[in-house]
Amino acid sequence: MNNFTVEAIDLTRLYGGREAVSNVSFTLSKGQVLGFLGPNGAGKSTTMKMLTGNLAPSNGSVKICGIDMIESPKEAKALIGYLPEMRPLYKELTVDEYLTIAARLHRVSAGQIKKAVEVAKERCGLGHMSKRLIENLSNGYQQRVGIAQAIIHNPMVVILDEPTVGLDPIQIRDIRALIREVGRERSVIISTHILPEVEMVCDHVQIIDKGKLVFNGSIEVLKKQRIGNKLLIGMHNPPTVDEMLKVAGVVEAESLPGNLMRIRFADDAAPAEAIVQAAVNKGWGLHQIAPDQTSLEDVFVQLTYQEQADQAPFVSESVAA
Amino acid sequence: MIINVARKELKSMFASPMGWVILSLLMFAFGTYYLNGVNDYFAVMSGAMRPAERTGVTQFVGQNVYGFASFMVLFAVPLLSMRLISEERRSQTLPFLFSAPISLTEIVLGKFLGLVAFLSILVVFIGAMLSTLNIWADIDFGFIVANTIGLLLMVASFSALGLYFSSMTQQPVVAAILTFIALFALMFLDRFFAGDPSNTLASLSLTRHFQSFSGGLIDTADIAYFGLFIATFLTLTVRRLDADRLRG
């Protein structure tokens, strides 16, 4: 018996012969927040539907805390809280009525329902909206009701499909804090295409493209790839590339238009100081030196649009490790 | 769990004006029929009719009201059943039920029972209304019980069929029209075969099976017919929803 909360094994889903998701395998442990990234139509939502038992996989299996979704769906579903892309809200009901129904359907015992509703409302900042019809709530508050129904029974696994869509920046910050809080004791899977969000909230990232996992690993790996060992230097009298290479630690230099130069340095080196020193000594006219970050977007684009072979070394370390 | 789904349906039904409007309009119509029935009874029975030809007040008024009720639910049920699944499909709320720890059978049974519970308010009210005749007459309660059971079974069959058509489409209106046409055909099937009453198709008619109840007779064959009718359409609904999960 392992302590994985989610185990997806070779998940495959065919739509009329076309593979929407093919052979996606991953595992998730308690206390982890997994970010699901991918362009539109990559298969994020399809994978989530299969994880929550809303869609039968064509092949492969899903286990929630060791319970097979296909063999005993009721027991497995009881451990999941799910917010689909389209919020499943009964708009003719009030927030309290709706959350009470959600609690009841998710087997919260009769005596605990009131308390569960109160706690969920408080966590999602819905306290003063109790008696309002869901229909009359703003988009952001409706989203919060959606999240509240997903966490009301305190599930082991919370699966949120694009939870921050349509929220204002302050609400987004609240929801991210909530996701991190839930992720401390439970497992959370969120899908998003807001890349910085993944860096802020998730411990693990999966990038899915055309139904295939193209990256599966810790957020640190992605960050490292993003930040890299690069410096961008601006100088009024730039030296030649050869001259720059003489500075200790610099392994690669490249001249850019606008008197700029990009250098790459060895993993254990910190050549910034040496470069500044050299610039002063040799009168390069240094006016700018900064880490050159590839934006997360660039990494994302690289990963999803490169050919499969190019990324092979990058698909390292699985989440399970 | 079935109860929880049914409670949710009832809540939704009472949260929209549709439920209240149908309840009140139908009760008004039945009340009017009841009053007319009582008036007519005096007009008809106090006349020159020979005692041997006279019928009891229960049967006279009861047949009037129950006959009308079985016809009116033909319009009411499609209007109430149309939203059950198609509306959820359209507003994409089905994942809420699918990802809860309840089976498809429980979802379908819950929805069915919710609707039947709502409609049984009408049936119970009609029974109570007719029972008030007992204040000044000595009425035949057996007749009322048989009719109540018959009407309840008929309403339940209508609901099962309505639920099935509701599961087939995203448009509540389409579901309502299909349900209405199917029910209408099933109700009046025996009229089409009036010349040949022994035809097998004619015995599928819902009206024919309601007739024995409306005469005050509880026949197990008719109960079995309604039971099978309900079970068939509920099973089909479960299968239709399961196809959603499989085909996506």
# chains A, B, ... in the order shown; residues from 1 in each chain; ligands from 1
call {"tool": "closest_atom_pairs", "arguments": {"of": "chain A", "to": "chain B", "cutoff": "8 Å", "atoms": "only C-alpha atoms", "output": "JSON lines"}}
result
{"residue": "A:Tyr15", "atom": "CA", "partner": "B:Arg247", "partner_atom": "CA", "distance": 7.7}
{"residue": "A:Thr52", "atom": "CA", "partner": "B:Ser99", "partner_atom": "CA", "distance": 6.0}
{"residue": "A:Gly53", "atom": "CA", "partner": "B:Ser99", "partner_atom": "CA", "distance": 6.4}
{"residue": "A:Asn54", "atom": "CA", "partner": "B:Arg245", "partner_atom": "CA", "distance": 5.9}
{"residue": "A:Leu55", "atom": "CA", "partner": "B:Arg245", "partner_atom": "CA", "distance": 4.5}
{"residue": "A:Ala56", "atom": "CA", "partner": "B:Leu246", "partner_atom": "CA", "distance": 5.1}
{"residue": "A:Pro57", "atom": "CA", "partner": "B:Leu246", "partner_atom": "CA", "distance": 7.8}
{"residue": "A:Pro73", "atom": "CA", "partner": "B:Pro101", "partner_atom": "CA", "distance": 7.3}
{"residue": "A:Lys74", "atom": "CA", "partner": "B:Pro101", "partner_atom": "CA", "distance": 4.4}
{"residue": "A:Glu75", "atom": "CA", "partner": "B:Pro101", "partner_atom": "CA", "distance": 6.7}
{"residue": "A:Ala76", "atom": "CA", "partner": "B:Pro101", "partner_atom": "CA", "distance": 7.6}
{"residue": "A:Lys77", "atom": "CA", "partner": "B:Pro101", "partner_atom": "CA", "distance": 5.0}
{"residue": "A:Ala78", "atom": "CA", "partner": "B:Pro101", "partner_atom": "CA", "distance": 4.9}
{"residue": "A:Ile80", "atom": "CA", "partner": "B:Ser99", "partner_atom": "CA", "distance": 7.8}
{"residue": "A:Gly81", "atom": "CA", "partner": "B:Ser99", "partner_atom": "CA", "distance": 7.8}
{"residue": "A:Tyr82", "atom": "CA", "partner": "B:Ser99", "partner_atom": "CA", "distance": 7.0}
{"residue": "A:Pro84", "atom": "CA", "partner": "B:Pro95", "partner_atom": "CA", "distance": 7.3}
{"residue": "A:Met86", "atom": "CA", "partner": "B:Gln92", "partner_atom": "CA", "distance": 6.5}
{"residue": "A:Arg87", "atom": "CA", "partner": "B:Thr93", "partner_atom": "CA", "distance": 7.2}
{"residue": "A:Pro88", "atom": "CA", "partner": "B:Thr93", "partner_atom": "CA", "distance": 3.9}
{"residue": "A:Leu89", "atom": "CA", "partner": "B:Thr93", "partner_atom": "CA", "distance": 6.2}
{"residue": "A:Tyr90", "atom": "CA", "partner": "B:Thr93", "partner_atom": "CA", "distance": 7.2}
{"residue": "A:Glu92", "atom": "CA", "partner": "B:Ala15", "partner_atom": "CA", "distance": 6.3}
{"residue": "A:Leu93", "atom": "CA", "partner": "B:Ala15", "partner_atom": "CA", "distance": 6.9}
{"residue": "A:Ile101", "atom": "CA", "partner": "B:Lys8", "partner_atom": "CA", "distance": 6.7}
{"residue": "A:Arg104", "atom": "CA", "partner": "B:Asn4", "partner_atom": "CA", "distance": 6.8}
{"residue": "A:Leu105", "atom": "CA", "partner": "B:Ala100", "partner_atom": "CA", "distance": 6.2}
{"residue": "A:His106", "atom": "CA", "partner": "B:Ala100", "partner_atom": "CA", "distance": 5.7}
{"residue": "A:Arg107", "atom": "CA", "partner": "B:Pro101", "partner_atom": "CA", "distance": 7.7}
call {"tool": "write_last_selection", "arguments": {"atoms": "N, CA and C atoms", "output": "compact mmCIF listing (two decimals), in the first residue's frame"}}
result
# COMPACT_ATOMS: atom_id res chain seq x y z
N TYR A 15 -11.78 9.79 -29.09
CA TYR A 15 -13.03 10.37 -29.59
C TYR A 15 -13.11 10.05 -31.07
N THR A 52 -12.22 12.25 -12.42
CA THR A 52 -13.35 12.40 -11.51
C THR A 52 -14.48 11.44 -11.84
N GLY A 53 -14.27 10.57 -12.83
CA GLY A 53 -15.31 9.60 -13.14
C GLY A 53 -16.46 10.15 -13.95
N ASN A 54 -16.28 11.32 -14.54
CA ASN A 54 -17.32 11.87 -15.39
C ASN A 54 -17.26 11.31 -16.81
N LEU A 55 -16.13 10.71 -17.11
CA LEU A 55 -15.92 10.19 -18.44
C LEU A 55 -15.18 8.86 -18.28
N ALA A 56 -15.63 7.86 -19.02
CA ALA A 56 -14.96 6.57 -18.91
C ALA A 56 -13.74 6.58 -19.81
N PRO A 57 -12.56 6.20 -19.26
CA PRO A 57 -11.37 6.14 -20.12
C PRO A 57 -11.49 4.99 -21.12
N PRO A 73 -16.80 3.13 -8.08
CA PRO A 73 -16.87 4.56 -8.36
C PRO A 73 -17.39 5.39 -7.18
N LYS A 74 -18.35 4.82 -6.43
CA LYS A 74 -18.94 5.62 -5.35
C LYS A 74 -17.91 5.95 -4.28
N GLU A 75 -17.14 4.92 -3.88
CA GLU A 75 -16.15 5.13 -2.83
C GLU A 75 -15.07 6.10 -3.30
N ALA A 76 -14.67 5.95 -4.57
CA ALA A 76 -13.62 6.82 -5.10
C ALA A 76 -14.12 8.26 -5.22
N LYS A 77 -15.35 8.41 -5.71
CA LYS A 77 -15.89 9.76 -5.90
C LYS A 77 -16.07 10.49 -4.57
N ALA A 78 -16.33 9.71 -3.50
CA ALA A 78 -16.53 10.34 -2.20
C ALA A 78 -15.26 11.05 -1.74
N ILE A 80 -13.28 12.80 -3.72
CA ILE A 80 -12.90 13.85 -4.66
C ILE A 80 -13.84 15.05 -4.54
N GLY A 81 -13.25 16.23 -4.69
CA GLY A 81 -14.06 17.42 -4.87
C GLY A 81 -13.71 17.99 -6.23
N TYR A 82 -14.70 18.27 -7.06
CA TYR A 82 -14.41 18.61 -8.45
C TYR A 82 -15.15 19.87 -8.87
N PRO A 84 -15.74 21.58 -12.36
CA PRO A 84 -15.49 21.54 -13.81
C PRO A 84 -15.31 22.93 -14.39
N MET A 86 -17.10 24.45 -16.66
CA MET A 86 -18.37 25.16 -16.59
C MET A 86 -18.92 24.93 -15.20
N ARG A 87 -19.12 26.00 -14.46
CA ARG A 87 -19.54 25.82 -13.07
C ARG A 87 -20.90 25.15 -12.98
N PRO A 88 -20.99 24.03 -12.27
CA PRO A 88 -22.28 23.34 -12.19
C PRO A 88 -23.15 23.92 -11.08
N LEU A 89 -23.68 25.11 -11.30
CA LEU A 89 -24.45 25.77 -10.25
C LEU A 89 -25.93 25.75 -10.59
N TYR A 90 -26.76 25.46 -9.60
CA TYR A 90 -28.21 25.58 -9.79
C TYR A 90 -28.59 27.01 -9.46
N GLU A 92 -31.16 28.79 -9.60
CA GLU A 92 -32.43 29.21 -8.99
C GLU A 92 -32.39 29.06 -7.47
N LEU A 93 -31.29 28.50 -6.95
CA LEU A 93 -31.19 28.29 -5.50
C LEU A 93 -30.32 29.38 -4.86
N ILE A 101 -27.20 21.18 -0.38
CA ILE A 101 -27.41 20.04 -1.27
C ILE A 101 -26.08 19.37 -1.59
N ARG A 104 -24.94 17.34 1.33
CA ARG A 104 -25.77 16.15 1.50
C ARG A 104 -25.39 15.09 0.47
N LEU A 105 -25.22 15.50 -0.79
CA LEU A 105 -24.89 14.53 -1.84
C LEU A 105 -23.51 13.95 -1.64
N HIS A 106 -22.63 14.70 -0.95
CA HIS A 106 -21.28 14.18 -0.73
C HIS A 106 -21.15 13.50 0.62
N ARG A 107 -22.26 13.02 1.14
CA ARG A 107 -22.27 12.18 2.34
C ARG A 107 -21.76 12.87 3.60
call {"tool": "residues_around", "arguments": {"residues": "Ser25 in chain A", "least_positions_apart": "3", "cutoff": "7 Å", "atoms": "only C-alpha atoms", "output": "count of residues only"}}
result
4
call {"tool": "select_by_dssp", "arguments": {"residues": "range 145-174 of chain A", "states": "strand (DSSP E or B)", "output": "PyMOL selection string"}}
result
chain A and resi 157-161
call {"tool": "residues_around", "arguments": {"residues": "range 118-122 of chain A", "least_positions_apart": "5", "cutoff": "8 Å", "atoms": "only C-alpha atoms", "output": "VMD selection string"}}
result
chain A and resid 127 145 148 to 149 151 to 152
call {"tool": "write_last_selection", "arguments": {"atoms": "C-alpha atoms", "output": "compact mmCIF listing (two decimals), in the first residue's frame"}}
result
# COMPACT_ATOMS: atom_id res chain seq x y z
CA GLY A 127 -20.21 34.66 4.40
CA VAL A 145 -19.50 29.07 -4.83
CA ALA A 148 -16.93 25.99 -2.06
CA GLN A 149 -18.96 23.03 -3.33
CA ILE A 151 -14.20 21.51 -0.80
CA ILE A 152 -17.33 21.26 1.32
call {"tool": "residues_around", "arguments": {"residues": "range 164-177 of chain B", "least_positions_apart": "4", "cutoff": "12 Å", "atoms": "only C-alpha atoms", "output": "JSON, numbers by chain"}}
result
{"B": [74, 75, 76, 77, 78, 79, 80, 81, 82, 83, 84, 85, 86, 87, 88, 89, 90, 91, 92, 93, 94, 107, 108, 109, 111, 112, 157, 158, 159, 160, 181, 182, 183, 184, 229, 230, 231, 232, 233, 234, 235, 236, 237, 238, 239, 240, 241, 242, 243, 244]}
call {"tool": "write_last_selection", "arguments": {"atoms": "N, CA and C atoms", "output": "short mmCIF file (atom, residue, chain, number, x, y, z; two decimals), in the first residue's frame"}}
result
data_model
loop_
_atom_site.label_atom_id
_atom_site.label_comp_id
_atom_site.auth_asym_id
_atom_site.auth_seq_id
_atom_site.Cartn_x
_atom_site.Cartn_y
_atom_site.Cartn_z
N LEU B 74 -51.83 14.89 -18.66
CA LEU B 74 -51.21 14.72 -19.97
C LEU B 74 -50.49 16.01 -20.38
N PHE B 75 -51.04 17.15 -19.94
CA PHE B 75 -50.39 18.44 -20.27
C PHE B 75 -49.40 18.84 -19.18
N ALA B 76 -49.73 18.51 -17.94
CA ALA B 76 -48.91 18.99 -16.82
C ALA B 76 -47.57 18.26 -16.74
N VAL B 77 -47.58 16.94 -16.93
CA VAL B 77 -46.35 16.17 -16.73
C VAL B 77 -45.24 16.58 -17.71
N PRO B 78 -45.54 16.71 -19.01
CA PRO B 78 -44.45 17.12 -19.91
C PRO B 78 -43.84 18.46 -19.51
N LEU B 79 -44.68 19.37 -19.03
CA LEU B 79 -44.17 20.69 -18.64
C LEU B 79 -43.25 20.59 -17.42
N LEU B 80 -43.54 19.64 -16.54
CA LEU B 80 -42.72 19.51 -15.33
C LEU B 80 -41.50 18.61 -15.56
N SER B 81 -41.69 17.59 -16.40
CA SER B 81 -40.60 16.62 -16.57
C SER B 81 -39.54 17.12 -17.55
N MET B 82 -39.90 18.07 -18.39
CA MET B 82 -38.99 18.45 -19.47
C MET B 82 -37.65 18.96 -18.95
N ARG B 83 -37.67 19.61 -17.80
CA ARG B 83 -36.44 20.24 -17.30
C ARG B 83 -35.51 19.25 -16.60
N LEU B 84 -36.07 18.15 -16.13
CA LEU B 84 -35.33 17.28 -15.21
C LEU B 84 -33.88 17.03 -15.62
N ILE B 85 -33.66 16.58 -16.84
CA ILE B 85 -32.28 16.29 -17.24
C ILE B 85 -31.80 17.25 -18.33
N SER B 86 -32.70 17.60 -19.26
CA SER B 86 -32.26 18.45 -20.37
C SER B 86 -31.76 19.81 -19.88
N GLU B 87 -32.42 20.33 -18.85
CA GLU B 87 -31.98 21.63 -18.33
C GLU B 87 -30.59 21.50 -17.71
N GLU B 88 -30.35 20.39 -17.03
CA GLU B 88 -29.04 20.17 -16.42
C GLU B 88 -27.98 20.01 -17.50
N ARG B 89 -28.41 19.35 -18.59
CA ARG B 89 -27.49 19.15 -19.69
C ARG B 89 -27.13 20.50 -20.30
N ARG B 90 -28.14 21.36 -20.45
CA ARG B 90 -27.91 22.63 -21.11
C ARG B 90 -27.06 23.56 -20.25
N SER B 91 -27.37 23.60 -18.96
CA SER B 91 -26.58 24.51 -18.10
C SER B 91 -25.36 23.79 -17.54
N GLN B 92 -25.07 22.61 -18.04
CA GLN B 92 -23.86 21.86 -17.70
C GLN B 92 -23.71 21.61 -16.21
N THR B 93 -24.82 21.26 -15.57
CA THR B 93 -24.73 20.97 -14.14
C THR B 93 -24.68 19.47 -13.87
N LEU B 94 -24.77 18.66 -14.93
CA LEU B 94 -24.74 17.21 -14.70
C LEU B 94 -23.46 16.74 -14.00
N ILE B 107 -29.38 8.55 -9.22
CA ILE B 107 -29.71 9.87 -9.76
C ILE B 107 -31.06 9.81 -10.46
N VAL B 108 -31.22 8.80 -11.33
CA VAL B 108 -32.46 8.70 -12.11
C VAL B 108 -33.65 8.44 -11.19
N LEU B 109 -33.49 7.50 -10.25
CA LEU B 109 -34.59 7.21 -9.32
C LEU B 109 -34.93 8.44 -8.49
N LYS B 111 -34.54 11.63 -9.26
CA LYS B 111 -35.24 12.61 -10.07
C LYS B 111 -36.68 12.17 -10.30
N PHE B 112 -36.85 10.87 -10.58
CA PHE B 112 -38.18 10.32 -10.82
C PHE B 112 -39.06 10.49 -9.58
N SER B 157 -46.09 6.77 -14.47
CA SER B 157 -45.69 6.29 -15.80
C SER B 157 -45.39 7.47 -16.71
N PHE B 158 -46.24 8.49 -16.65
CA PHE B 158 -46.00 9.69 -17.45
C PHE B 158 -44.64 10.27 -17.11
N SER B 159 -44.34 10.33 -15.80
CA SER B 159 -43.09 10.94 -15.36
C SER B 159 -41.89 10.14 -15.86
N ALA B 160 -42.01 8.80 -15.83
CA ALA B 160 -40.89 7.97 -16.28
C ALA B 160 -40.61 8.22 -17.75
N ILE B 181 -46.35 14.15 -27.30
CA ILE B 181 -46.79 13.35 -28.44
C ILE B 181 -46.83 11.87 -28.06
N ALA B 182 -45.75 11.41 -27.39
CA ALA B 182 -45.68 9.99 -27.02
C ALA B 182 -46.83 9.63 -26.07
N LEU B 183 -47.07 10.50 -25.08
CA LEU B 183 -48.13 10.21 -24.12
C LEU B 183 -49.49 10.24 -24.78
N PHE B 184 -49.68 11.23 -25.66
CA PHE B 184 -50.95 11.36 -26.35
C PHE B 184 -51.22 10.09 -27.16
N PHE B 229 -43.97 -0.47 -17.26
CA PHE B 229 -43.83 0.74 -18.06
C PHE B 229 -42.80 1.67 -17.40
N ILE B 230 -42.97 1.88 -16.09
CA ILE B 230 -42.07 2.76 -15.34
C ILE B 230 -40.65 2.19 -15.36
N ALA B 231 -40.52 0.89 -15.06
CA ALA B 231 -39.19 0.28 -14.99
C ALA B 231 -38.48 0.37 -16.34
N THR B 232 -39.24 0.17 -17.42
CA THR B 232 -38.63 0.22 -18.75
C THR B 232 -38.02 1.59 -19.02
N PHE B 233 -38.81 2.62 -18.80
CA PHE B 233 -38.31 3.95 -19.15
C PHE B 233 -37.22 4.44 -18.20
N LEU B 234 -37.30 4.02 -16.93
CA LEU B 234 -36.22 4.41 -16.02
C LEU B 234 -34.92 3.72 -16.41
N THR B 235 -35.02 2.45 -16.82
CA THR B 235 -33.82 1.73 -17.25
C THR B 235 -33.22 2.39 -18.49
N LEU B 236 -34.10 2.75 -19.42
CA LEU B 236 -33.61 3.41 -20.63
C LEU B 236 -32.91 4.73 -20.28
N THR B 237 -33.46 5.44 -19.31
CA THR B 237 -32.84 6.71 -18.91
C THR B 237 -31.45 6.48 -18.34
N VAL B 238 -31.34 5.46 -17.47
CA VAL B 238 -30.02 5.16 -16.88
C VAL B 238 -29.04 4.83 -18.00
N ARG B 239 -29.50 4.06 -18.96
CA ARG B 239 -28.61 3.68 -20.06
C ARG B 239 -28.20 4.88 -20.89
N ARG B 240 -29.15 5.81 -21.07
CA ARG B 240 -28.85 7.01 -21.85
C ARG B 240 -27.78 7.85 -21.14
N LEU B 241 -27.91 7.95 -19.81
CA LEU B 241 -26.92 8.74 -19.06
C LEU B 241 -25.58 8.04 -19.02
N ASP B 242 -25.62 6.71 -18.98
CA ASP B 242 -24.37 5.96 -18.98
C ASP B 242 -23.64 6.16 -20.31
N ALA B 243 -24.42 6.29 -21.38
CA ALA B 243 -23.81 6.53 -22.69
C ALA B 243 -23.05 7.86 -22.69
N ASP B 244 -23.54 8.82 -21.95
CA ASP B 244 -22.83 10.11 -21.81
C ASP B 244 -21.43 9.90 -21.26
#
call {"tool": "atom_distance", "arguments": {"atom1": "CA of Asn3 in chain A", "atom2": "CA of Arg186 in chain A"}}
result
11.8 Å
call {"tool": "residues_around", "arguments": {"residues": "Thr58 in chain B", "least_positions_apart": "6", "cutoff": "8 Å", "atoms": "only C-alpha atoms", "output": "PyMOL selection string"}}
result
chain B and resi 130+133+139-140+143-144
call {"tool": "select_by_dssp", "arguments": {"residues": "range 119-270 of chain A", "states": "helix (DSSP H, G or I)", "output": "ChimeraX atom specification"}}
result
/A:119-123,127-129,134-136,139-151,169-185,195-201,219-227,241-245
call {"tool": "write_last_selection", "arguments": {"atoms": "C-alpha atoms", "output": "CSV table (one decimal), in the first residue's frame"}}
result
chain,number,residue,atom,x,y,z
A,119,VAL,CA,-16.8,26.5,7.0
A,120,ALA,CA,-16.9,26.3,3.2
A,121,LYS,CA,-18.5,29.7,3.0
A,122,GLU,CA,-15.9,31.2,5.3
A,123,ARG,CA,-13.0,29.7,3.4
A,127,GLY,CA,-20.2,34.7,4.4
A,128,HIS,CA,-22.3,37.7,3.5
A,129,MET,CA,-23.8,36.1,0.4
A,134,ILE,CA,-26.7,32.3,-7.2
A,135,GLU,CA,-28.2,33.7,-10.4
A,136,ASN,CA,-27.7,37.3,-9.0
A,139,ASN,CA,-19.0,36.0,-12.0
A,140,GLY,CA,-16.3,36.0,-9.3
A,141,TYR,CA,-18.7,35.1,-6.5
A,142,GLN,CA,-20.2,32.3,-8.6
A,143,GLN,CA,-16.8,30.9,-9.1
A,144,ARG,CA,-16.3,31.0,-5.3
A,145,VAL,CA,-19.5,29.1,-4.8
A,146,GLY,CA,-18.2,26.5,-7.3
A,147,ILE,CA,-15.0,26.2,-5.3
A,148,ALA,CA,-16.9,26.0,-2.1
A,149,GLN,CA,-19.0,23.0,-3.3
A,150,ALA,CA,-15.7,21.3,-4.3
A,151,ILE,CA,-14.2,21.5,-0.8
A,169,PRO,CA,-6.8,40.2,-9.1
A,170,ILE,CA,-7.7,40.4,-5.4
A,171,GLN,CA,-10.0,37.4,-5.7
A,172,ILE,CA,-7.3,35.5,-7.6
A,173,ARG,CA,-4.9,36.1,-4.7
A,174,ASP,CA,-7.5,34.8,-2.2
A,175,ILE,CA,-8.2,31.7,-4.3
A,176,ARG,CA,-4.5,31.0,-4.7
A,177,ALA,CA,-4.0,31.3,-1.0
A,178,LEU,CA,-7.0,28.9,-0.5
A,179,ILE,CA,-5.5,26.4,-3.0
A,180,ARG,CA,-2.2,26.5,-1.1
A,181,GLU,CA,-3.9,26.0,2.2
A,182,VAL,CA,-6.0,23.1,1.0
A,183,GLY,CA,-2.8,21.7,-0.7
A,184,ARG,CA,-1.0,21.5,2.6
A,185,GLU,CA,-3.0,18.5,3.9
A,195,LEU,CA,1.7,30.4,-16.3
A,196,PRO,CA,2.8,32.5,-13.4
A,197,GLU,CA,0.0,31.1,-11.5
A,198,VAL,CA,1.6,27.7,-11.7
A,199,GLU,CA,4.8,29.0,-10.3
A,200,MET,CA,3.0,30.7,-7.4
A,201,VAL,CA,0.7,27.8,-6.4
A,219,ILE,CA,8.3,23.2,-10.4
A,220,GLU,CA,12.0,23.8,-9.5
A,221,VAL,CA,13.1,22.0,-12.7
A,222,LEU,CA,10.9,24.3,-14.7
A,223,LYS,CA,12.1,27.4,-12.9
A,224,LYS,CA,15.7,26.4,-13.4
A,225,GLN,CA,15.1,26.0,-17.1
A,226,ARG,CA,13.4,29.4,-17.1
A,227,ILE,CA,16.0,31.4,-15.2
A,241,VAL,CA,33.0,38.1,-27.8
A,242,ASP,CA,36.5,36.7,-27.3
A,243,GLU,CA,37.4,39.4,-24.8
A,244,MET,CA,34.3,38.6,-22.8
A,245,LEU,CA,35.0,34.9,-22.8
call {"tool": "atom_distance", "arguments": {"atom1": "CA of Ala43 in chain B", "atom2": "CA of Ala137 in chain B"}}
result
16.4 Å
call {"tool": "residues_around", "arguments": {"residues": "Leu232 in chain A", "least_positions_apart": "3", "cutoff": "9 Å", "atoms": "only C-alpha atoms", "output": "list of chain:residue names"}}
result
A:Leu260, A:Met261, A:Arg262, A:Ile263, A:Gln288, A:Ile289, A:Ala290, A:Pro291, A:Asp292, A:Gln293
call {"tool": "residues_around", "arguments": {"residues": "Gly37 in chain B", "least_positions_apart": "2", "cutoff": "9 Å", "atoms": "only C-alpha atoms", "output": "compact mmCIF listing (two decimals) with N, CA and C atoms, in the first residue's frame"}}
result
# COMPACT_ATOMS: atom_id res chain seq x y z
N THR B 32 -63.16 23.30 -9.67
CA THR B 32 -64.31 23.69 -10.47
C THR B 32 -65.09 22.46 -10.93
N TYR B 33 -64.35 21.45 -11.38
CA TYR B 33 -65.01 20.22 -11.83
C TYR B 33 -65.77 19.55 -10.70
N TYR B 34 -65.15 19.61 -9.53
CA TYR B 34 -65.76 19.00 -8.36
C TYR B 34 -67.09 19.69 -8.04
N LEU B 35 -67.06 21.03 -8.00
CA LEU B 35 -68.28 21.80 -7.72
C LEU B 35 -69.35 21.51 -8.76
N ASN B 39 -73.11 19.89 -8.26
CA ASN B 39 -74.32 20.55 -8.76
C ASN B 39 -75.07 19.65 -9.72
N ASP B 40 -74.30 19.07 -10.66
CA ASP B 40 -74.94 18.23 -11.67
C ASP B 40 -75.62 17.02 -11.04
N TYR B 41 -74.99 16.53 -9.97
CA TYR B 41 -75.56 15.34 -9.33
C TYR B 41 -76.99 15.61 -8.90
N PHE B 42 -77.16 16.78 -8.28
CA PHE B 42 -78.52 17.10 -7.84
C PHE B 42 -79.45 17.26 -9.02
N VAL B 57 -73.10 9.16 -5.22
CA VAL B 57 -72.48 10.47 -5.43
C VAL B 57 -70.96 10.31 -5.62
N PHE B 60 -70.37 9.30 -9.20
CA PHE B 60 -70.76 10.36 -10.14
C PHE B 60 -69.73 11.49 -10.16
N VAL B 61 -69.45 12.02 -8.97
CA VAL B 61 -68.50 13.14 -8.91
C VAL B 61 -67.08 12.66 -9.17
N GLY B 62 -66.77 11.49 -8.59
CA GLY B 62 -65.41 10.95 -8.71
C GLY B 62 -65.01 10.71 -10.15
N ASN B 64 -66.19 12.08 -12.73
CA ASN B 64 -66.07 13.39 -13.35
C ASN B 64 -64.67 13.97 -13.13
N VAL B 65 -64.27 14.01 -11.85
CA VAL B 65 -63.00 14.65 -11.49
C VAL B 65 -61.81 13.82 -11.94
call {"tool": "atom_distance", "arguments": {"atom1": "CA of Val95 in chain A", "atom2": "CA of Ile189 in chain A"}}
result
24.6 Å
call {"tool": "closest_residue", "arguments": {"among": "B:Phe28, B:Phe226, B:Phe188, B:Phe213", "to": "Leu153 in chain B", "atoms": "only C-alpha atoms"}}
result
B:Phe226
call {"tool": "closest_residue", "arguments": {"among": "B:Gly227, B:Gly114, B:Gly216, B:Gly31", "to": "Gly142 in chain B", "atoms": "only C-alpha atoms"}}
result
B:Gly216
